[in-house]
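Below is one structure; the comments refer to it alone.
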Amino acid sequence: MRPLIERYVVDRGSLSRSYPVSMSPTRQARFRQLYSDLLAQIQKLDFDVMSQAGKVDYLLFRNHLEHELRQLDIEAKQMAEIAPLIPSPRA
């Protein structure tokens, strides 16, 4: 679990610096991809052979990734709701 969590921290930091605008659709798509990819990777791990600490890390990390995905869904819904109120840029 440790290598995945460490990779996540590094990748998330890199994405945060690369996409500084929090409500950017590109940023949200890239973070969604990161969370989904890591969630798929940890679900392939054999939970039963993990140590107790590994199982705790697994559950906490999985819950964190699922929470982040739900947050992205909430933000996308909020943006869709306010989009009609934002004036479009003039050409």
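We label chains A, B, ... in the order they appear in the structure tokens, count residues from 1 in each chain, and number ligands from 1 in the order shown.
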### Message
I need the helix (DSSP H, G or I) residues of chain A per DSSP on the backbone, written as an MDAnalysis selection string.
### Response
chainID A and resid 2:18 25:43 47:49 52:85
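Of the listed residues A:Leu65, A:Leu34, A:Pro84, A:Leu59, the one whose atoms come nearest to Val10 (chain A) is A:Leu34, with distances taken using only C-alpha atoms.
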### Task
Rounded to one decimal place, report the CA of Ile42 (chain A)-CA of Phe61 (chain A) distance in Å.
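Separating CA of Ile42 (chain A) from CA of Phe61 (chain A) is a distance of 8.8 Å.
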10 Å contact set for Ser24 (chain A), only C-alpha atoms, chain neighbours under 6 positions out, as a compact mmCIF listing (two decimals) with N, CA and C atoms, in the first residue's frame:
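Okay, this is what ended up in part.txt:
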# COMPACT_ATOMS: atom_id res chain seq x y z
N ARG A 30 -8.79 15.43 -15.05
CA ARG A 30 -7.51 14.80 -14.75
C ARG A 30 -7.49 14.20 -13.35
N ALA A 76 -19.13 19.25 -10.06
CA ALA A 76 -19.63 19.28 -11.44
C ALA A 76 -21.11 19.65 -11.45
N MET A 79 -21.39 23.39 -10.78
CA MET A 79 -21.02 24.17 -11.96
C MET A 79 -22.12 24.15 -13.01
